[in-house]
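Peer 1: The file below is coords.pdb, PDB, C-alpha atoms:
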MODEL        1
ATOM      1  CA  MET A   1      96.442  74.562  67.614
ATOM      2  CA  LYS A   2      97.404  78.252  67.703
ATOM      3  CA  VAL A   3      93.749  79.230  67.531
ATOM      4  CA  LEU A   4      92.973  77.009  70.516
ATOM      5  CA  ALA A   5      95.833  78.582  72.507
ATOM      6  CA  LEU A   6      94.617  82.076  71.563
ATOM      7  CA  VAL A   7      91.043  81.279  72.615
ATOM      8  CA  PHE A   8      92.280  79.759  75.897
ATOM      9  CA  SER A   9      94.417  82.816  76.710
ATOM     10  CA  ALA A  10      91.492  85.146  75.884
ATOM     11  CA  LEU A  11      89.179  83.177  78.178
ATOM     12  CA  LEU A  12      91.807  83.240  80.915
ATOM     13  CA  ALA A  13      92.159  87.031  80.586
ATOM     14  CA  VAL A  14      88.391  87.506  80.774
ATOM     15  CA  ALA A  15      88.087  85.195  83.777
ATOM     16  CA  ALA A  16      90.892  86.966  85.628
ATOM     17  CA  GLY A  17      89.409  90.402  84.988
ATOM     18  CA  GLU A  18      90.888  93.325  83.159
ATOM     19  CA  THR A  19      94.126  95.020  84.082
ATOM     20  CA  CYS A  20      93.876  98.670  85.068
ATOM     21  CA  THR A  21      96.598 101.058  83.954
ATOM     22  CA  GLY A  22      96.809 104.598  85.289
ATOM     23  CA  PRO A  23      94.195 104.146  88.035
ATOM     24  CA  GLN A  24      92.427 107.166  89.511
ATOM     25  CA  VAL A  25      90.473 106.597  92.721
ATOM     26  CA  ASP A  26      87.796 108.868  94.164
ATOM     27  CA  SER A  27      86.673 107.668  97.577
ATOM     28  CA  THR A  28      84.361 108.464 100.453
ATOM     29  CA  GLY A  29      84.382 106.714 103.788
ATOM     30  CA  PHE A  30      82.273 106.053 106.831
ATOM     31  CA  THR A  31      83.038 104.705 110.291
ATOM     32  CA  SER A  32      80.647 104.059 113.142
ATOM     33  CA  GLN A  33      81.388 106.357 116.045
ATOM     34  CA  ASP A  34      79.008 105.450 118.880
ATOM     35  CA  ALA A  35      80.653 102.758 120.994
ATOM     36  CA  THR A  36      78.072 103.004 123.761
ATOM     37  CA  ILE A  37      75.653 100.632 122.031
ATOM     38  CA  VAL A  38      77.921  98.523 119.776
ATOM     39  CA  THR A  39      80.878  96.238 120.429
ATOM     40  CA  LYS A  40      82.547  96.642 117.038
ATOM     41  CA  ILE A  41      83.438  99.651 114.900
ATOM     42  CA  ALA A  42      82.496  99.370 111.222
ATOM     43  CA  TYR A  43      84.718 100.821 108.508
ATOM     44  CA  ILE A  44      83.267 101.336 105.024
ATOM     45  CA  ALA A  45      84.993 102.866 102.010
ATOM     46  CA  ASP A  46      83.053 103.525  98.803
ATOM     47  CA  PHE A  47      85.097 104.441  95.770
ATOM     48  CA  THR A  48      85.130 104.682  92.027
ATOM     49  CA  LEU A  49      88.027 103.473  89.928
ATOM     50  CA  SER A  50      88.744 104.969  86.551
ATOM     51  CA  CYS A  51      91.516 103.519  84.417
ATOM     52  CA  SER A  52      93.351 105.275  81.622
ATOM     53  CA  ASN A  53      92.899 102.189  79.418
ATOM     54  CA  GLY A  54      89.127 102.163  80.055
ATOM     55  CA  ALA A  55      89.059  98.868  81.972
ATOM     56  CA  LYS A  56      85.707  98.358  83.721
ATOM     57  CA  ASP A  57      85.507  94.908  85.299
ATOM     58  CA  VAL A  58      88.634  95.023  87.442
ATOM     59  CA  SER A  59      88.737  92.507  90.278
ATOM     60  CA  LEU A  60      90.190  94.163  93.366
ATOM     61  CA  TYR A  61      91.451  93.062  96.758
ATOM     62  CA  ALA A  62      92.080  95.334  99.725
ATOM     63  CA  GLU A  63      94.719  95.046 102.415
ATOM     64  CA  THR A  64      93.212  96.399 105.626
ATOM     65  CA  VAL A  65      93.916  96.081 109.334
ATOM     66  CA  ASP A  66      91.653  93.025 109.240
ATOM     67  CA  GLY A  67      93.834  91.375 106.566
ATOM     68  CA  ILE A  68      93.237  90.941 102.862
ATOM     69  CA  VAL A  69      89.572  91.140 101.904
ATOM     70  CA  GLY A  70      87.739  91.046  98.616
ATOM     71  CA  VAL A  71      86.323  94.287  97.290
ATOM     72  CA  ALA A  72      82.637  94.332  96.355
ATOM     73  CA  ARG A  73      81.858  95.686  92.898
ATOM     74  CA  SER A  74      78.582  97.134  91.664
ATOM     75  CA  VAL A  75      76.706  95.470  88.833
ATOM     76  CA  ASP A  76      77.810  98.049  86.271
ATOM     77  CA  GLY A  77      81.426  97.745  87.462
ATOM     78  CA  SER A  78      81.940 101.442  88.147
ATOM     79  CA  LYS A  79      81.643 101.548  91.945
ATOM     80  CA  TYR A  80      83.447  99.528  94.579
ATOM     81  CA  GLN A  81      83.135  99.045  98.317
ATOM     82  CA  VAL A  82      85.369  97.570 100.986
ATOM     83  CA  SER A  83      84.362  97.106 104.618
ATOM     84  CA  TRP A  84      85.539  95.466 107.815
ATOM     85  CA  VAL A  85      84.943  95.671 111.570
ATOM     86  CA  GLU A  86      87.210  96.010 114.599
ATOM     87  CA  ASP A  87      86.628  95.602 118.306
ATOM     88  CA  VAL A  88      85.975  98.869 120.115
ATOM     89  CA  ALA A  89      88.943  98.207 122.405
ATOM     90  CA  THR A  90      91.431  97.940 119.519
ATOM     91  CA  ALA A  91      89.952 100.593 117.217
ATOM     92  CA  VAL A  92      92.140 103.686 117.330
ATOM     93  CA  SER A  93      91.372 107.077 115.886
ATOM     94  CA  GLY A  94      93.264 108.434 112.921
ATOM     95  CA  GLU A  95      93.834 107.696 109.285
ATOM     96  CA  ARG A  96      93.658 104.144 107.941
ATOM     97  CA  LEU A  97      95.383 103.194 104.709
ATOM     98  CA  ILE A  98      93.615 100.733 102.449
ATOM     99  CA  LYS A  99      95.891  99.292  99.776
ATOM    100  CA  LEU A 100      94.127  98.080  96.635
ATOM    101  CA  TYR A 101      95.520  95.242  94.531
ATOM    102  CA  ASP A 102      94.412  93.775  91.228
ATOM    103  CA  ASP A 103      94.657  90.039  90.485
ATOM    104  CA  GLN A 104      98.365  90.145  89.663
ATOM    105  CA  GLY A 105      99.201  92.262  92.718
ATOM    106  CA  TYR A 106      97.123  90.012  94.954
ATOM    107  CA  ALA A 107      98.928  86.920  93.638
ATOM    108  CA  ALA A 108     102.311  88.582  94.242
ATOM    109  CA  LEU A 109     101.245  89.649  97.745
ATOM    110  CA  ARG A 110     100.059  86.135  98.662
ATOM    111  CA  LYS A 111     103.276  84.641  97.258
ATOM    112  CA  ALA A 112     105.346  87.018  99.387
ATOM    113  CA  GLN A 113     103.281  86.155 102.469
ATOM    114  CA  ARG A 114     103.615  82.410 101.904
ATOM    115  CA  GLY A 115     107.380  82.742 101.478
ATOM    116  CA  ASN A 116     107.711  84.989 104.563
ATOM    117  CA  GLU A 117     109.139  87.714 102.343
ATOM    118  CA  ASP A 118     108.798  91.474 102.726
ATOM    119  CA  THR A 119     105.326  92.427 101.462
ATOM    120  CA  SER A 120     106.240  96.118 101.136
ATOM    121  CA  THR A 121     107.935  95.334  97.819
ATOM    122  CA  VAL A 122     104.528  94.543  96.269
ATOM    123  CA  GLN A 123     103.092  97.834  95.029
ATOM    124  CA  PRO A 124      99.321  98.364  95.213
ATOM    125  CA  ILE A 125      97.526  99.856  92.222
ATOM    126  CA  ALA A 126      96.020 102.506  94.508
ATOM    127  CA  THR A 127      95.758 103.499  98.159
ATOM    128  CA  ILE A 128      92.695 104.909  99.893
ATOM    129  CA  LYS A 129      92.813 106.917 103.105
ATOM    130  CA  LEU A 130      89.923 106.429 105.519
ATOM    131  CA  TYR A 131      89.736 108.705 108.563
ATOM    132  CA  HIS A 132      88.230 107.472 111.825
ATOM    133  CA  PRO A 133      87.699 110.317 114.335
ATOM    134  CA  GLY A 134      87.348 107.933 117.277
ATOM    135  CA  ALA A 135      84.458 106.327 119.050
ATOM    136  CA  TYR A 136      82.298 107.929 121.714
ATOM    137  CA  ARG A 137      82.325 105.609 124.714
ATOM    138  CA  GLY A 138      79.958 107.611 126.873
ATOM    139  CA  PRO A 139      80.434 110.361 129.437
ATOM    140  CA  TRP A 140      83.357 110.249 131.857
ATOM    141  CA  ILE A 141      80.943 110.296 134.805
ATOM    142  CA  GLN A 142      77.690 108.405 134.523
ATOM    143  CA  SER A 143      74.410 110.242 135.159
ATOM    144  CA  GLU A 144      73.550 107.887 138.015
ATOM    145  CA  THR A 145      76.742 108.905 139.821
ATOM    146  CA  MET A 146      75.946 112.590 139.306
ATOM    147  CA  ALA A 147      72.414 112.050 140.684
ATOM    148  CA  ILE A 148      73.752 110.317 143.806
ATOM    149  CA  LEU A 149      76.363 113.054 144.384
ATOM    150  CA  GLY A 150      73.659 115.720 143.912
ATOM    151  CA  ALA A 151      71.333 113.984 146.375
ATOM    152  CA  ILE A 152      74.156 113.745 148.949
ATOM    153  CA  PHE A 153      74.970 117.439 148.486
ATOM    154  CA  ILE A 154      71.302 118.467 148.883
ATOM    155  CA  TYR A 155      70.926 116.274 151.970
ATOM    156  CA  TYR A 156      74.106 117.754 153.522
ATOM    157  CA  TYR A 157      72.992 121.314 152.713
ATOM    158  CA  ALA A 158      69.514 120.722 154.213
ATOM    159  CA  LEU A 159      70.986 119.120 157.327
ATOM    160  CA  THR A 160      73.405 122.023 157.914
ATOM    161  CA  GLN A 161      70.616 124.570 157.431
ATOM    162  CA  LYS A 162      68.388 122.674 159.870
ATOM    163  CA  THR A 163      71.106 122.606 162.537
ATOM    164  CA  ARG A 164      71.666 126.378 162.099
ATOM    165  CA  LEU A 165      67.953 127.077 162.526
ATOM    166  CA  MET A 166      67.658 124.835 165.568
ATOM    167  CA  ALA A 167      70.656 126.318 167.362
TER
ENDMDL
END
What does the file become when written as structure tokens?
Peer 2:
Amino acid sequence: MKVLALVFSALLAVAAGETCTGPQVDSTGFTSQDATIVTKIAYIADFTLSCSNGAKDVSLYAETVDGIVGVARSVDGSKYQVSWVEDVATAVSGERLIKLYDDQGYAALRKAQRGNEDTSTVQPIATIKLYHPGAYRGPWIQSETMAILGAIFIYYYALTQKTRLMA
């Protein structure tokens, strides 16, 4: 009976993923910046996670502005990626914090959310900072407006010169 319980607990630990102690995160990020042709801004954070206990297959969840999302893991388990999108109108420039949770942290976070408790008491295993410089929404004055104003100015200048010559 003890052997069966030991095998069951080992299978449960493998299914839940390994626990990472002493996590070190090295991240790079990307955000789309041209809002003239898109309606949503994409945020992508690529990172590597190294644990002091050597854990490789760590299941992670990320708390972003979009909510809690699953983190994609590479086949070899060494690289991770989290991404989400926001509407151009609500996307603000500046630094975004991405809190990373393992299975136990995710369960504690969901429990706190279901119970309407303070979620700041749940500590993430790591936090990533992703900087968004802002989105380019086009020039302040459209080129068509500048062309019309230029044509009006040229017409006015030509008309005043003609009246001076005729007088």
Peer 1: Residues of range 73-100 of chain A that approach range 27-47 of chain A to 8 Å or less, counting only C-alpha atoms: could you list each one with the shortest pair of atoms and its distance in Å to one decimal, rows by chain and increasing residue number, as a Markdown table?
Peer 2:
| residue | atom | partner | partner_atom | distance |
| --- | --- | --- | --- | --- |
| A:Lys79 | CA | A:Phe47 | CA | 5.9 |
| A:Tyr80 | CA | A:Phe47 | CA | 5.3 |
| A:Gln81 | CA | A:Asp46 | CA | 4.5 |
| A:Val82 | CA | A:Ala45 | CA | 5.4 |
| A:Ser83 | CA | A:Ile44 | CA | 4.4 |
| A:Trp84 | CA | A:Tyr43 | CA | 5.5 |
| A:Val85 | CA | A:Ala42 | CA | 4.4 |
| A:Glu86 | CA | A:Ile41 | CA | 5.3 |
| A:Asp87 | CA | A:Lys40 | CA | 4.4 |
| A:Val88 | CA | A:Lys40 | CA | 5.1 |
| A:Ala91 | CA | A:Ile41 | CA | 7.0 |
Peer 1: By how many Å are CA of His132 in chain A and CA of Leu97 in chain A apart?
Peer 2: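 For CA of His132 in chain A relative to CA of Leu97 in chain A, the distance reads 11.0 Å.
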Peer 1: Measuring between only C-alpha atoms, which one of A:Ile98, A:Val92, A:Ile154, A:Leu60 shows the shortest distance to Gly134 in chain A?
Peer 2: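 Of A:Ile98, A:Val92, A:Ile154, A:Leu60, the one nearest Gly134 in chain A, counting only C-alpha atoms, is A:Val92.
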Peer 1: Quote the spacing between CA of Ile125 in chain A and CA of Val71 in chain A in Å to one decimal place.
Peer 2: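 Straight-line distance from CA of Ile125 in chain A to CA of Val71 in chain A works out to 13.5 Å.
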Peer 1: Using all atoms listed in the file, which of the listed residues (A:Val25, A:Ala126, A:Leu109, A:Val65) sits closest to Ser78 in chain A?
Peer 2: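 Residue with the minimum atom-to-atom distance to Ser78 in chain A: A:Val25.
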Peer 1: Tell me, in Å to one decimal, how far CA of Lys129 in chain A is from CA of Gly105 in chain A.
Peer 2: 19.1 Å
Peer 1: Box for range 103-110 of chain A: with edges along x, y and z, all listed atoms inside and 4 Å added on each side, what are the centre and edge lengths in Å to one decimal, as lines of an AutoDock Vina configuration file?
Peer 2:
center_x = 98.5
center_y = 89.2
center_z = 94.2
size_x = 15.7
size_y = 14.1
size_z = 17.0
Peer 1: My list of candidates is A:Thr90, A:Thr21, A:Ser143, A:Thr163. Which is closest to Val58 in chain A when distances are computed with all atoms listed in the file?
Peer 2: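 Comparing A:Thr90, A:Thr21, A:Ser143, A:Thr163 against Val58 in chain A, the winner is A:Thr21.
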Peer 1: Fewer than 5 positions away in the same chain doesn't count, so skip those; otherwise give me all residues within 12 Å of Ala107 in chain A, counting only C-alpha atoms, as JSON, numbers by chain.
Peer 2: {"A": [16, 60, 61, 68, 101, 102, 112, 113, 114, 119, 122, 123, 124]}
Peer 1: Expand the PyMOL selection byres ((chain A and resi 57) around 7) into the individual residues it matches in the shown file, reporting them as a compact mmCIF listing (two decimals) with C-alpha atoms, in the coordinates of the input.
Peer 2:
# COMPACT_ATOMS: atom_id res chain seq x y z
CA GLY A 17 89.41 90.40 84.99
CA GLU A 18 90.89 93.32 83.16
CA ALA A 55 89.06 98.87 81.97
CA LYS A 56 85.71 98.36 83.72
CA VAL A 58 88.63 95.02 87.44
CA SER A 59 88.74 92.51 90.28
CA GLY A 77 81.43 97.74 87.46
Peer 1: Point out the residue among A:Cys51, A:Leu149, A:Leu130, A:Lys99 with the least atom-to-atom distance to Gly70 in chain A, counting only C-alpha atoms.
Peer 2: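 So, comparing all the options, the nearest one is A:Lys99.
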Peer 1: Looking at all atoms listed in the file, which of A:Asp76, A:Val69, A:Cys20, A:Gly115 is the one that sits closest to Gly54 in chain A?
Peer 2: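 Of A:Asp76, A:Val69, A:Cys20, A:Gly115, the one nearest Gly54 in chain A is A:Cys20, counting all atoms listed in the file.
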Peer 1: From the list A:Ala147, A:Ile128, A:Ala158, A:Ala108, which residue is nearest Thr64 in chain A when using all atoms listed in the file?
Peer 2: A:Ile128
Peer 1: With the PyMOL selection byres ((chain A and resi 94) around 6) as the selection, what would be picked from this file? Answer as a list in words, please.
Peer 2: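 Checked against the file, the PyMOL selection byres ((chain A and resi 94) around 6) matches Ser93, Glu95, Tyr131 and His132 of chain A.
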